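Undergrad: Before I ask anything, let me first share the structure, which is written out below as structure tokens.
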Amino acid sequence: MNRTSSITVILLVGLSEDIYVRMVLFVIFYLIYFSTLIGNTILIIVSICDPRLHTPMYFFLANLSFIDVCYSSAIVPNMLGQLITRKRMTFHACQAQLYTFMIFACTETLLLSVMAYDRFVSISFALRYNEIMSKLVCIKLMACCWICGSLLATMDFVFTLKLPFCGHNVVDHFFCELNAIIKMACGDTFSTEMVIFIVGVLAILFPAVVILFSYTRIVVTIVGIRSSEGRYKAFSTCASHLIVVIMGSGAAIFMYMKPVSKSSENQEKYFSVLYTVMPSVMNPIIYSLRNNEVKRALKKVTRTYIFRSKK
């Protein structure tokens, strides 16, 4: 806890002051959150229950879905409550939300780079894919994402807590976002902003470079495929991943790779929606629920565990 803080409660302004706009936003984000929970839970269940999906790709996708559920749950439920009641939030609860959000955010960006590497290996080294991406290797890569993501988040969190918070307690955002919290500080924030920049390089820019390198190599390999059907299948598999990465990473780079003082509150709030709320609901749709393998697995699980239980 920051002992120099005189703030005990905060008020999140949210996305709008208008009560009617807030009601519309409540319905929209409620449906998005509900879809996030359903879509990602379905993907996790079918990935576990169907042996045909016990592959590195679906192992990482199941972990991504778990992170998305936690990631979204750290933000959206409280945001829905704020849209309805505009209740105040304790500063301790705000700190807890900030820390959990950063852990899941950093872990997810690292996982997306691992998934890009996995696609690169599967396309460029198809004959050695199972040897390179063994079960042990996948577990180690996943553990590395969680450990490194947690460490990077802790760096940001610790340096943020060192700041003296003795100013206003109104946060012009819809959740306890890092830059919004730093703007509440009444002391020098330069060292904290430098740490945020360094963490941004490691957690956002470095994974983006890995993803760019992987997909560059993938494109080179795909161009060499003689079969037009094979090229289409490879492109469709990778294009979905790239769409999510560009949307999420682009918004995150805009947010955290520039000085906090240069930030516009309205721009930050809108861009935050792009990398916090939207990817979690789009990931299961773009990656898997439109995938024939997942559809077959879902039908099998439905027949096995639902219809059979009714007999």
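Chain labels run A, B, ... following the order of the structure tokens; each chain numbers its residues from 1, and ligands are numbered from 1 in the order shown.
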Taking 6 positions as the minimum chain separation for residues in the same chain, which residues sit within 12 Å of stretch 150-156 of chain A when counting only C-alpha atoms? Answer as a count of residues only.

TA: 39

Undergrad: Counting only C-alpha atoms, which of A:Asn63, A:Ser280, A:Gln82, A:Thr41 gets nearest to A:Phe174?

TA: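 Looking at the shortest contact to A:Phe174, the residue is A:Gln82.
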
Undergrad: If you take only C-alpha atoms and a cut-off of 7 Å, which residues of stretch 77-147 of chain A touch stretch 5-16 of chain A, and what are their nearest atom pairs and distances in Å to one decimal, in chain and number order, as CSV?

TA:
residue,atom,partner,partner_atom,distance
A:Arg88,CA,A:Leu11,CA,4.9
A:Met89,CA,A:Ile10,CA,5.3
A:Thr90,CA,A:Val9,CA,4.2
A:Phe91,CA,A:Val9,CA,5.0

Undergrad: Do a neighbour search on A:Leu141 at 12 Å with only C-alpha atoms, toss out local chain neighbours closer than 3 positions, and write the hits as an mmCIF file with all heavy atoms, in the first residue's frame.

TA:
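Contents of result.cif, as written:
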data_model
loop_
_atom_site.group_PDB
_atom_site.id
_atom_site.type_symbol
_atom_site.label_atom_id
_atom_site.label_comp_id
_atom_site.auth_asym_id
_atom_site.auth_seq_id
_atom_site.Cartn_x
_atom_site.Cartn_y
_atom_site.Cartn_z
ATOM 1 N N PRO A 56 -0.805 -28.638 -29.904
ATOM 2 C CA PRO A 56 -0.252 -27.374 -29.381
ATOM 3 C C PRO A 56 -1.124 -26.159 -29.677
ATOM 4 O O PRO A 56 -1.311 -25.302 -28.807
ATOM 5 C CB PRO A 56 1.103 -27.277 -30.097
ATOM 6 C CG PRO A 56 1.492 -28.694 -30.338
ATOM 7 C CD PRO A 56 0.212 -29.411 -30.637
ATOM 8 N N PHE A 59 -4.066 -26.155 -27.394
ATOM 9 C CA PHE A 59 -3.584 -25.971 -26.022
ATOM 10 C C PHE A 59 -3.400 -24.486 -25.739
ATOM 11 O O PHE A 59 -3.846 -23.965 -24.702
ATOM 12 C CB PHE A 59 -2.265 -26.725 -25.820
ATOM 13 C CG PHE A 59 -1.561 -26.400 -24.524
ATOM 14 C CD1 PHE A 59 -2.023 -26.917 -23.325
ATOM 15 C CD2 PHE A 59 -0.442 -25.581 -24.526
ATOM 16 C CE1 PHE A 59 -1.378 -26.618 -22.131
ATOM 17 C CE2 PHE A 59 0.214 -25.282 -23.335
ATOM 18 C CZ PHE A 59 -0.249 -25.801 -22.138
ATOM 19 N N PHE A 60 -2.746 -23.792 -26.666
ATOM 20 C CA PHE A 60 -2.547 -22.352 -26.502
ATOM 21 C C PHE A 60 -3.870 -21.586 -26.608
ATOM 22 O O PHE A 60 -4.095 -20.607 -25.889
ATOM 23 C CB PHE A 60 -1.558 -21.832 -27.537
ATOM 24 C CG PHE A 60 -0.154 -22.342 -27.348
ATOM 25 C CD1 PHE A 60 0.550 -22.894 -28.413
ATOM 26 C CD2 PHE A 60 0.470 -22.253 -26.120
ATOM 27 C CE1 PHE A 60 1.841 -23.360 -28.237
ATOM 28 C CE2 PHE A 60 1.770 -22.725 -25.933
ATOM 29 C CZ PHE A 60 2.455 -23.284 -26.995
ATOM 30 N N ASN A 63 -5.746 -21.844 -23.352
ATOM 31 C CA ASN A 63 -5.143 -20.938 -22.366
ATOM 32 C C ASN A 63 -5.491 -19.483 -22.678
ATOM 33 O O ASN A 63 -5.738 -18.695 -21.761
ATOM 34 C CB ASN A 63 -3.628 -21.128 -22.335
ATOM 35 C CG ASN A 63 -3.202 -22.294 -21.481
ATOM 36 O OD1 ASN A 63 -3.054 -22.183 -20.268
ATOM 37 N ND2 ASN A 63 -3.001 -23.446 -22.124
ATOM 38 N N THR A 107 0.438 -11.165 -19.900
ATOM 39 C CA THR A 107 0.491 -12.588 -20.225
ATOM 40 C C THR A 107 -0.108 -12.857 -21.598
ATOM 41 O O THR A 107 0.423 -13.657 -22.376
ATOM 42 C CB THR A 107 -0.255 -13.408 -19.157
ATOM 43 O OG1 THR A 107 0.316 -13.139 -17.872
ATOM 44 C CG2 THR A 107 -0.152 -14.889 -19.451
ATOM 45 N N LEU A 110 2.232 -11.818 -24.531
ATOM 46 C CA LEU A 110 3.316 -12.790 -24.682
ATOM 47 C C LEU A 110 2.797 -14.090 -25.290
ATOM 48 O O LEU A 110 3.460 -14.697 -26.135
ATOM 49 C CB LEU A 110 3.962 -13.062 -23.319
ATOM 50 C CG LEU A 110 4.669 -11.868 -22.666
ATOM 51 C CD1 LEU A 110 5.138 -12.222 -21.255
ATOM 52 C CD2 LEU A 110 5.857 -11.403 -23.503
ATOM 53 N N LEU A 111 1.595 -14.512 -24.875
ATOM 54 C CA LEU A 111 1.012 -15.738 -25.420
ATOM 55 C C LEU A 111 0.720 -15.597 -26.914
ATOM 56 O O LEU A 111 0.917 -16.542 -27.682
ATOM 57 C CB LEU A 111 -0.266 -16.091 -24.665
ATOM 58 C CG LEU A 111 -1.052 -17.310 -25.169
ATOM 59 C CD1 LEU A 111 -0.174 -18.559 -25.218
ATOM 60 C CD2 LEU A 111 -2.280 -17.549 -24.304
ATOM 61 N N LEU A 112 0.273 -14.429 -27.337
ATOM 62 C CA LEU A 112 -0.002 -14.221 -28.759
ATOM 63 C C LEU A 112 1.271 -14.373 -29.595
ATOM 64 O O LEU A 112 1.227 -14.881 -30.720
ATOM 65 C CB LEU A 112 -0.616 -12.835 -28.975
ATOM 66 C CG LEU A 112 -2.061 -12.661 -28.496
ATOM 67 C CD1 LEU A 112 -2.486 -11.208 -28.609
ATOM 68 C CD2 LEU A 112 -3.011 -13.550 -29.284
ATOM 69 N N SER A 113 2.416 -13.944 -29.049
ATOM 70 C CA SER A 113 3.675 -14.114 -29.776
ATOM 71 C C SER A 113 4.068 -15.592 -29.834
ATOM 72 O O SER A 113 4.595 -16.071 -30.848
ATOM 73 C CB SER A 113 4.791 -13.291 -29.128
ATOM 74 O OG SER A 113 5.094 -13.755 -27.824
ATOM 75 N N VAL A 114 3.800 -16.333 -28.758
ATOM 76 C CA VAL A 114 4.063 -17.776 -28.755
ATOM 77 C C VAL A 114 3.183 -18.475 -29.783
ATOM 78 O O VAL A 114 3.624 -19.394 -30.492
ATOM 79 C CB VAL A 114 3.828 -18.356 -27.342
ATOM 80 C CG1 VAL A 114 3.837 -19.886 -27.381
ATOM 81 C CG2 VAL A 114 4.891 -17.857 -26.372
ATOM 82 N N MET A 115 1.926 -18.041 -29.881
ATOM 83 C CA MET A 115 1.014 -18.636 -30.857
ATOM 84 C C MET A 115 1.467 -18.347 -32.280
ATOM 85 O O MET A 115 1.306 -19.181 -33.180
ATOM 86 C CB MET A 115 -0.403 -18.114 -30.618
ATOM 87 C CG MET A 115 -1.026 -18.625 -29.323
ATOM 88 S SD MET A 115 -2.592 -17.837 -28.926
ATOM 89 C CE MET A 115 -3.613 -18.392 -30.268
ATOM 90 N N TYR A 117 4.597 -17.985 -33.167
ATOM 91 C CA TYR A 117 5.731 -18.903 -33.359
ATOM 92 C C TYR A 117 5.232 -20.315 -33.648
ATOM 93 O O TYR A 117 5.783 -21.014 -34.518
ATOM 94 C CB TYR A 117 6.614 -18.896 -32.119
ATOM 95 C CG TYR A 117 7.705 -19.941 -32.135
ATOM 96 C CD1 TYR A 117 8.821 -19.802 -32.956
ATOM 97 C CD2 TYR A 117 7.611 -21.076 -31.332
ATOM 98 C CE1 TYR A 117 9.821 -20.764 -32.985
ATOM 99 C CE2 TYR A 117 8.596 -22.041 -31.355
ATOM 100 C CZ TYR A 117 9.696 -21.881 -32.173
ATOM 101 O OH TYR A 117 10.691 -22.840 -32.194
ATOM 102 N N ASP A 118 4.185 -20.730 -32.942
ATOM 103 C CA ASP A 118 3.600 -22.057 -33.157
ATOM 104 C C ASP A 118 3.101 -22.198 -34.594
ATOM 105 O O ASP A 118 3.310 -23.223 -35.245
ATOM 106 C CB ASP A 118 2.456 -22.272 -32.166
ATOM 107 C CG ASP A 118 1.675 -23.543 -32.458
ATOM 108 O OD1 ASP A 118 2.249 -24.640 -32.302
ATOM 109 O OD2 ASP A 118 0.501 -23.425 -32.862
ATOM 110 N N MET A 133 7.398 -28.774 -31.249
ATOM 111 C CA MET A 133 6.383 -28.293 -30.306
ATOM 112 C C MET A 133 5.842 -29.469 -29.495
ATOM 113 O O MET A 133 4.651 -29.787 -29.519
ATOM 114 C CB MET A 133 5.258 -27.591 -31.070
ATOM 115 C CG MET A 133 5.698 -26.366 -31.842
ATOM 116 S SD MET A 133 6.419 -25.079 -30.807
ATOM 117 C CE MET A 133 4.995 -24.568 -29.852
ATOM 118 N N SER A 134 6.714 -30.098 -28.753
ATOM 119 C CA SER A 134 6.293 -31.216 -27.905
ATOM 120 C C SER A 134 5.450 -30.709 -26.737
ATOM 121 O O SER A 134 5.373 -29.505 -26.471
ATOM 122 C CB SER A 134 7.518 -31.958 -27.374
ATOM 123 O OG SER A 134 8.258 -31.112 -26.500
ATOM 124 N N LYS A 135 4.825 -31.636 -26.039
ATOM 125 C CA LYS A 135 3.964 -31.272 -24.912
ATOM 126 C C LYS A 135 4.748 -30.530 -23.846
ATOM 127 O O LYS A 135 4.283 -29.525 -23.285
ATOM 128 C CB LYS A 135 3.321 -32.532 -24.318
ATOM 129 C CG LYS A 135 2.343 -32.244 -23.196
ATOM 130 C CD LYS A 135 1.678 -33.530 -22.715
ATOM 131 C CE LYS A 135 0.687 -33.227 -21.591
ATOM 132 N NZ LYS A 135 0.020 -34.480 -21.121
ATOM 133 N N LEU A 136 5.964 -31.000 -23.558
ATOM 134 C CA LEU A 136 6.798 -30.356 -22.543
ATOM 135 C C LEU A 136 7.184 -28.947 -22.960
ATOM 136 O O LEU A 136 7.167 -28.016 -22.138
ATOM 137 C CB LEU A 136 8.050 -31.196 -22.291
ATOM 138 C CG LEU A 136 9.014 -30.661 -21.212
ATOM 139 C CD1 LEU A 136 8.304 -30.563 -19.865
ATOM 140 C CD2 LEU A 136 10.251 -31.559 -21.118
ATOM 141 N N VAL A 137 7.521 -28.770 -24.234
ATOM 142 C CA VAL A 137 7.883 -27.446 -24.739
ATOM 143 C C VAL A 137 6.697 -26.489 -24.616
ATOM 144 O O VAL A 137 6.853 -25.331 -24.202
ATOM 145 C CB VAL A 137 8.363 -27.531 -26.202
ATOM 146 C CG1 VAL A 137 8.485 -26.130 -26.819
ATOM 147 C CG2 VAL A 137 9.697 -28.250 -26.285
ATOM 148 N N CYS A 138 5.515 -26.958 -24.959
ATOM 149 C CA CYS A 138 4.314 -26.114 -24.871
ATOM 150 C C CYS A 138 4.046 -25.682 -23.430
ATOM 151 O O CYS A 138 3.710 -24.522 -23.175
ATOM 152 C CB CYS A 138 3.095 -26.860 -25.422
ATOM 153 S SG CYS A 138 3.155 -27.148 -27.199
ATOM 154 N N CYS A 144 6.293 -19.784 -19.062
ATOM 155 C CA CYS A 144 7.118 -18.595 -19.278
ATOM 156 C C CYS A 144 6.251 -17.361 -19.497
ATOM 157 O O CYS A 144 6.556 -16.277 -18.988
ATOM 158 C CB CYS A 144 8.051 -18.827 -20.466
ATOM 159 S SG CYS A 144 9.208 -17.475 -20.757
ATOM 160 N N CYS A 145 5.158 -17.514 -20.242
ATOM 161 C CA CYS A 145 4.237 -16.392 -20.475
ATOM 162 C C CYS A 145 3.659 -15.886 -19.157
ATOM 163 O O CYS A 145 3.609 -14.674 -18.906
ATOM 164 C CB CYS A 145 3.102 -16.820 -21.406
ATOM 165 S SG CYS A 145 3.600 -17.103 -23.113
ATOM 166 N N TRP A 146 3.218 -16.811 -18.307
ATOM 167 C CA TRP A 146 2.614 -16.421 -17.022
ATOM 168 C C TRP A 146 3.645 -15.773 -16.096
ATOM 169 O O TRP A 146 3.380 -14.745 -15.476
ATOM 170 C CB TRP A 146 1.997 -17.638 -16.341
ATOM 171 C CG TRP A 146 0.633 -17.972 -16.828
ATOM 172 C CD1 TRP A 146 0.273 -19.006 -17.649
ATOM 173 C CD2 TRP A 146 -0.578 -17.265 -16.537
ATOM 174 N NE1 TRP A 146 -1.078 -18.986 -17.889
ATOM 175 C CE2 TRP A 146 -1.632 -17.931 -17.223
ATOM 176 C CE3 TRP A 146 -0.881 -16.139 -15.777
ATOM 177 C CZ2 TRP A 146 -2.960 -17.516 -17.153
ATOM 178 C CZ3 TRP A 146 -2.201 -15.718 -15.716
ATOM 179 C CH2 TRP A 146 -3.220 -16.391 -16.388
ATOM 180 N N ILE A 147 4.832 -16.373 -16.014
ATOM 181 C CA ILE A 147 5.859 -15.851 -15.103
ATOM 182 C C ILE A 147 6.343 -14.480 -15.563
ATOM 183 O O ILE A 147 6.389 -13.520 -14.783
ATOM 184 C CB ILE A 147 7.044 -16.833 -15.007
ATOM 185 C CG1 ILE A 147 6.595 -18.132 -14.321
ATOM 186 C CG2 ILE A 147 8.201 -16.205 -14.232
ATOM 187 C CD1 ILE A 147 7.623 -19.243 -14.377
ATOM 188 N N CYS A 148 6.686 -14.366 -16.844
ATOM 189 C CA CYS A 148 7.180 -13.080 -17.369
ATOM 190 C C CYS A 148 6.085 -12.019 -17.341
ATOM 191 O O CYS A 148 6.347 -10.860 -17.001
ATOM 192 C CB CYS A 148 7.699 -13.264 -18.795
ATOM 193 S SG CYS A 148 9.168 -14.292 -18.917
ATOM 194 N N GLY A 149 4.858 -12.407 -17.687
ATOM 195 C CA GLY A 149 3.748 -11.462 -17.640
ATOM 196 C C GLY A 149 3.511 -10.936 -16.238
ATOM 197 O O GLY A 149 3.282 -9.739 -16.035
#

Undergrad: Determine, counting only C-alpha atoms, which protein, DNA and RNA residues have an atom within 12 Å of an atom of A:Thr216; residues of the same chain fewer than 3 positions away are not included. Present the result as a list in words.

TA: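 What passes the distance filter is Ala116, Tyr117, Arg119, Phe120, Ile123, Ser124, Val209, Val210, Ile211, Leu212, Phe213, Val219, Val220, Thr221, Ile222, Val223, Phe235, Cys238 and Leu242 of chain A.
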
Undergrad: Here is a test: counting only C-alpha atoms, which residue of A:Ile253, A:Met57, A:Val277, A:Ile243 is nearest to A:Cys70?

TA: A:Val277

Undergrad: If you measure from atom CA of A:Cys94 to atom CA of A:Ile38, what distance in Å do you get, rounded to one decimal?

TA: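 Here the two named atoms are 26.6 Å from each other.
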